[in-house]
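Colleague: Below you'll find protein.cif; it's mmCIF, C-alpha atoms and all ligand atoms.
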```
data_upload
#
loop_
_atom_site.label_atom_id
_atom_site.label_comp_id
_atom_site.auth_asym_id
_atom_site.auth_seq_id
_atom_site.Cartn_x
_atom_site.Cartn_y
_atom_site.Cartn_z
CA MET A 1 -10.88 -15.07 -3.77
CA SER A 2 -9.46 -14.50 -7.28
CA PRO A 3 -5.93 -15.75 -8.04
CA ASP A 4 -4.60 -12.17 -8.05
CA LEU A 5 -6.20 -11.43 -4.69
CA SER A 6 -4.87 -14.68 -3.27
CA ARG A 7 -1.35 -13.72 -4.34
CA LEU A 8 -1.74 -10.25 -2.83
CA PHE A 9 -3.14 -11.64 0.41
CA ALA A 10 -0.36 -14.22 0.81
CA ALA A 11 2.38 -11.68 0.09
CA ALA A 12 0.92 -9.08 2.45
CA ARG A 13 0.49 -11.69 5.20
CA ALA A 14 4.10 -12.81 4.83
CA ALA A 15 5.35 -9.21 4.90
CA GLN A 16 3.22 -8.49 7.97
CA GLY A 17 5.04 -11.32 9.71
CA ARG A 18 8.29 -9.45 9.12
CA ALA A 19 7.00 -6.02 10.22
CA TYR A 20 9.13 -4.02 12.63
CA ALA A 21 6.56 -2.47 14.94
CA PRO A 22 7.94 -2.60 18.50
CA TYR A 23 6.31 0.71 19.48
CA SER A 24 2.76 0.42 18.16
CA ARG A 25 2.69 -3.40 18.25
CA PHE A 26 0.48 -3.00 15.18
CA PRO A 27 2.13 -4.99 12.37
CA VAL A 28 0.98 -4.18 8.84
CA GLY A 29 1.81 -5.81 5.52
CA ALA A 30 1.03 -4.51 2.05
CA ALA A 31 1.37 -6.05 -1.38
CA LEU A 32 0.74 -4.70 -4.84
CA LEU A 33 0.69 -5.90 -8.42
CA ASP A 34 2.39 -3.67 -10.96
CA GLU A 35 1.62 -3.15 -14.64
CA SER A 36 3.51 -6.28 -15.64
CA GLY A 37 1.91 -8.50 -13.02
CA ALA A 38 4.93 -8.50 -10.73
CA LEU A 39 4.26 -8.64 -7.02
CA HIS A 40 5.91 -6.27 -4.53
CA ALA A 41 5.48 -6.27 -0.77
CA GLY A 42 6.33 -4.09 2.20
CA CYS A 43 5.78 -3.85 5.93
CA ASN A 44 5.78 -1.04 8.45
CA VAL A 45 9.24 -0.19 9.79
CA GLU A 46 9.06 1.88 12.96
CA ASN A 47 11.79 3.91 14.59
CA ALA A 48 12.66 5.08 18.10
CA ALA A 49 12.27 8.57 16.64
CA TYR A 50 8.59 7.92 15.99
CA PRO A 51 7.93 10.17 12.96
CA VAL A 52 10.70 8.47 11.02
CA GLY A 53 8.75 5.21 10.88
CA THR A 54 7.34 4.15 7.52
CA CYS A 55 4.09 2.46 6.52
CA ALA A 56 3.74 -0.89 4.81
CA GLU A 57 2.32 0.76 1.68
CA ALA A 58 5.37 3.02 1.37
CA GLY A 59 7.63 -0.04 1.53
CA ALA A 60 5.67 -1.87 -1.17
CA ILE A 61 5.73 1.18 -3.44
CA ALA A 62 9.48 1.62 -2.94
CA ALA A 63 10.04 -2.06 -3.76
CA MET A 64 8.02 -1.65 -6.96
CA VAL A 65 9.89 1.44 -8.10
CA ALA A 66 13.28 -0.07 -7.27
CA SER A 67 12.55 -3.11 -9.41
CA GLY A 68 11.35 -1.08 -12.39
CA GLY A 69 7.58 -1.07 -11.91
CA ARG A 70 5.81 2.25 -12.44
CA ARG A 71 2.07 1.61 -12.20
CA ILE A 72 0.01 0.00 -9.45
CA ALA A 73 -2.68 -2.36 -10.80
CA ALA A 74 -4.06 -3.37 -7.37
CA LEU A 75 -2.97 -3.17 -3.75
CA LEU A 76 -3.88 -5.02 -0.57
CA VAL A 77 -3.09 -3.83 2.95
CA LEU A 78 -3.37 -6.23 5.86
CA GLY A 79 -3.46 -5.33 9.54
CA PRO A 80 -3.76 -7.37 12.70
CA GLY A 81 -7.55 -6.93 12.92
CA PRO A 82 -10.25 -6.50 13.96
CA VAL A 83 -10.19 -2.80 13.00
CA LEU A 84 -10.00 -1.85 9.33
CA VAL A 85 -6.54 -0.68 8.27
CA THR A 86 -7.22 1.86 5.59
CA PRO A 87 -4.15 3.69 4.23
CA CYS A 88 -3.15 6.84 6.09
CA GLY A 89 -3.44 10.20 4.37
CA ALA A 90 0.20 10.33 3.32
CA CYS A 91 0.00 6.85 1.83
CA ARG A 92 -3.14 7.77 -0.11
CA GLN A 93 -1.06 10.45 -1.80
CA ARG A 94 1.81 7.98 -2.34
CA LEU A 95 -0.62 5.59 -4.03
CA ARG A 96 -2.03 8.39 -6.17
CA GLU A 97 1.37 8.96 -7.73
CA PHE A 98 1.35 5.49 -9.28
CA ALA A 99 -2.34 4.58 -9.51
CA GLY A 100 -5.35 6.02 -11.30
CA PRO A 101 -8.65 6.67 -9.51
CA ALA A 102 -10.19 3.30 -10.48
CA VAL A 103 -7.42 1.18 -8.94
CA ARG A 104 -8.66 -1.05 -6.12
CA VAL A 105 -7.28 -0.94 -2.59
CA HIS A 106 -8.25 -4.06 -0.67
CA VAL A 107 -8.21 -4.10 3.12
CA ALA A 108 -7.70 -7.36 4.98
CA ASP A 109 -6.83 -8.91 8.30
CA PRO A 110 -5.37 -12.36 8.91
CA ALA A 111 -8.85 -13.91 8.70
CA GLY A 112 -9.49 -12.62 5.18
CA LEU A 113 -10.67 -9.71 3.07
CA ARG A 114 -12.60 -7.02 4.90
CA ALA A 115 -13.30 -4.18 2.46
CA ALA A 116 -12.33 -2.65 -0.86
CA PHE A 117 -12.06 0.96 -1.97
CA THR A 118 -10.90 2.76 -5.08
CA VAL A 119 -8.01 5.20 -5.01
CA GLY A 120 -10.47 7.85 -6.15
CA ALA A 121 -12.75 7.17 -3.18
CA LEU A 122 -9.84 7.29 -0.76
CA LEU A 123 -8.45 10.52 -2.21
CA PRO A 124 -11.05 12.50 -4.16
CA ASP A 125 -10.13 15.59 -6.19
CA SER A 126 -6.48 14.70 -5.73
CA PHE A 127 -3.36 16.46 -6.90
CA GLY A 128 -1.24 14.15 -9.02
CA PRO A 129 1.43 13.96 -11.73
CA ASP A 130 -0.99 15.26 -14.36
CA ASN A 131 -1.44 18.49 -12.40
CA LEU A 132 2.22 19.17 -13.13
CA GLY A 133 1.95 18.07 -16.75
CA ALA A 134 3.80 14.84 -16.04
CA ALA A 135 2.76 11.50 -17.44
CA PRO A 136 1.76 9.10 -14.66
CA GLY A 137 4.51 6.53 -14.33
CA GLY A 138 6.52 8.40 -16.93
CA THR A 139 10.05 7.46 -17.88
CA ASP A 140 11.57 10.80 -17.02
CA GLY A 141 12.26 9.79 -13.46
CA GLY A 142 15.99 10.32 -13.66
N1 LIG B 201 0.40 1.65 9.34
C1 LIG B 201 0.71 1.14 8.11
O1 LIG B 201 1.80 0.60 7.91
N2 LIG B 201 -0.23 1.24 7.13
C2 LIG B 201 -1.47 1.75 7.29
O2 LIG B 201 -2.25 1.75 6.35
C3 LIG B 201 -1.88 2.31 8.59
C4 LIG B 201 -0.84 2.33 9.65
C5 LIG B 201 1.39 1.52 10.41
C6 LIG B 201 2.10 2.77 10.84
C7 LIG B 201 2.53 2.41 12.25
O3 LIG B 201 3.75 1.69 12.19
C8 LIG B 201 1.44 1.48 12.74
O4 LIG B 201 0.77 1.01 11.58
C9 LIG B 201 0.44 2.13 13.67
O5 LIG B 201 -0.06 3.30 13.13
#
```
Turn this file's structure into structure tokens for me.

Modeller:
Amino acid sequence: MSPDLSRLFAAARAAQGRAYAPYSRFPVGAALLDESGALHAGCNVENAAYPVGTCAEAGAIAAMVASGGRRIAALLVLGPGPVLVTPCGACRQRLREFAGPAVRVHVADPAGLRAAFTVGALLPDSFGPDNLGAAPGGTDGG
């Protein structure tokens, strides 16, 4: 495993350990590297009102944006195994906001890496910031 992947794996594993998933009992951690090499992690946070729960990827993206990052360089999502935990449809769109089509999304479980996809493969022909004439990761975020 490359040093970057090792960092992503360790951060996602640690975040998974802090997941709040009392309803699904399916803890997920996610970690991403931003354009400056900073690491951001998130976990799923469920809710008694089920649809209000949030995915690990959404938490990692929010952590990145809150600390000033604007572009995802790579992301790793880690589930309990043995099934692959590929990002849900909504999270594919969330990733698309901050990542170009070539960005890698790694899928892992506690035993190690399981698969890798590109954002473009996960969400082909997507609608993104450029469709609205906005620069991806632009500084006009308010
Ligand atoms: N979940 C994630 O956090 N990320 C994914 O990529 C797939 C699913 C969460 C949502 C919910 O809390 C639990 O896993 C079961 O769907």

Colleague: A:Ala11, A:Met1, A:Leu95, A:Ala38: which is nearest A:Arg114, counting all atoms listed in the file?

Modeller: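 Smallest distance to A:Arg114 is found for A:Met1.
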
Colleague: Select from chain A every residue with an atom at most 7 Å from any atom of ligand LIG 201 (chain B), then for each give the shortest pair of atoms and their distance in Å to one decimal, using only C-alpha atoms and all ligand atoms, rows by chain and rising number, as CSV.

Modeller:
```
residue,atom,partner,partner_atom,distance
A:Ala21,CA,B:LIG201,O3,5.7
A:Ser24,CA,B:LIG201,C9,5.3
A:Phe26,CA,B:LIG201,C8,5.2
A:Pro27,CA,B:LIG201,O4,6.2
A:Val28,CA,B:LIG201,O1,4.9
A:Gly29,CA,B:LIG201,O1,6.8
A:Cys43,CA,B:LIG201,O1,6.3
A:Asn44,CA,B:LIG201,O1,4.3
A:Val45,CA,B:LIG201,O3,6.3
A:Glu46,CA,B:LIG201,O3,5.4
A:Gly53,CA,B:LIG201,O3,6.3
A:Thr54,CA,B:LIG201,C6,6.4
A:Cys55,CA,B:LIG201,O1,3.3
A:Ala56,CA,B:LIG201,O1,3.9
A:Glu57,CA,B:LIG201,N2,6.0
A:Val77,CA,B:LIG201,O2,6.6
A:Val85,CA,B:LIG201,O2,5.3
A:Thr86,CA,B:LIG201,O2,5.0
A:Pro87,CA,B:LIG201,O2,3.4
A:Cys88,CA,B:LIG201,O2,5.2
```

Colleague: Produce the centre coordinates and the three edge lengths, each in Å to one decimal, of the box along x, y and z that contains all listed atoms of stretch 104-122 of chain A with 3 Å added on each side, as JSON.

Modeller:
```
{"center_x": -9.3, "center_y": -3.0, "center_z": 1.4, "size_x": 13.9, "size_y": 27.8, "size_z": 21.1}
```

Colleague: Neighbours of A:Gln93 within 9 Å (all atoms listed in the file; same-chain residues fewer than 3 positions away dropped), as a list of chain:residue names?

Modeller: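 Selected residues are A:Cys88, A:Gly89, A:Ala90, A:Arg96, A:Glu97, A:Leu123, A:Ser126, A:Phe127, A:Gly128.
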
Colleague: Which residues, written as a list in words, have at least one atom at most 6 Å from A:Ala74, with all atoms listed in the file counted and residues fewer than 5 positions away on the same chain left out?

Modeller: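 After dropping sequence-adjacent residues, the list is Leu32, Leu33, Val103 and Arg104 of chain A.
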
Colleague: Restrict the selected residues to C-alpha atoms and save them as a PDB file, in the frame of the given file.

Modeller:
```
ATOM      1  CA  LEU A  32       0.740  -4.700  -4.840  1.00  0.00           C
ATOM      2  CA  LEU A  33       0.690  -5.900  -8.420  1.00  0.00           C
ATOM      3  CA  VAL A 103      -7.420   1.180  -8.940  1.00  0.00           C
ATOM      4  CA  ARG A 104      -8.660  -1.050  -6.120  1.00  0.00           C
TER       5      ARG A 104
END
```

Colleague: Considering all atoms listed in the file, return as a short mmCIF file (atom, residue, chain, number, x, y, z; two decimals) with C-alpha atoms, in the coordinates of the input whatever protein or nucleic-acid residues lie within 6 Å of A:Ala15, sequence-local ones (same chain, fewer than 2 positions apart) excluded.

Modeller:
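Once written, part29.cif looks like this:
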```
data_model
loop_
_atom_site.label_atom_id
_atom_site.label_comp_id
_atom_site.auth_asym_id
_atom_site.auth_seq_id
_atom_site.Cartn_x
_atom_site.Cartn_y
_atom_site.Cartn_z
CA ALA A 12 0.92 -9.08 2.45
CA ARG A 13 0.49 -11.69 5.20
CA GLY A 17 5.04 -11.32 9.71
CA ARG A 18 8.29 -9.45 9.12
CA GLY A 29 1.81 -5.81 5.52
CA GLY A 42 6.33 -4.09 2.20
CA CYS A 43 5.78 -3.85 5.93
#
```

Colleague: For the atom pair atom CA of A:Asp4 and atom CA of A:Pro129, what is the interatomic distance in Å to one decimal place?

Modeller: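 About the pair atom CA of A:Asp4 and atom CA of A:Pro129: they are 27.1 Å apart.
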
Colleague: Using all atoms listed in the file, which residue out of A:Val65, A:Val107, A:Ala73, A:Val119 lies closest to A:Cys91?

Modeller: A:Val119

Colleague: Quote the spacing between atom CA of A:Ser6 and atom CA of A:Tyr20 in Å to one decimal place.

Modeller: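 Calculated distance between atom CA of A:Ser6 and atom CA of A:Tyr20 is 23.7 Å.
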
Colleague: Atom CA of A:Val52 and atom CA of A:Leu76 are how many Å apart?

Modeller: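 Separating atom CA of A:Val52 from atom CA of A:Leu76 is a distance of 23.0 Å.
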
Colleague: Determine, counting only C-alpha atoms, every residue of protein, DNA or RNA that lies within 7 Å of (-2.0, -9.4, 11.8) in the file coordinates, then give the result as a PyMOL selection string.

Modeller: chain A and resi 16+27-28+78-81+109-110

Colleague: Kindly indicate which residue among A:Ala10, A:Ala30, A:Ala99, A:Met64 lies nearest to A:Ala135, using only C-alpha atoms for the distances.

Modeller: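 Nearest to A:Ala135: A:Ala99.
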
Colleague: Nearest to A:Asn47 among A:Ala19, A:Ile72, A:Leu113, A:Ile61, with distances taken over all atoms listed in the file: which residue is it?

Modeller: A:Ala19

Colleague: I want to know what sits within 8 Å of A:Arg70, based on only C-alpha atoms, with residues of the same chain fewer than 5 positions away left out; could you give that as a list in words?

Modeller: Asp34, Glu35, Met64, Val65, Phe98, Gly137 and Gly138 of chain A
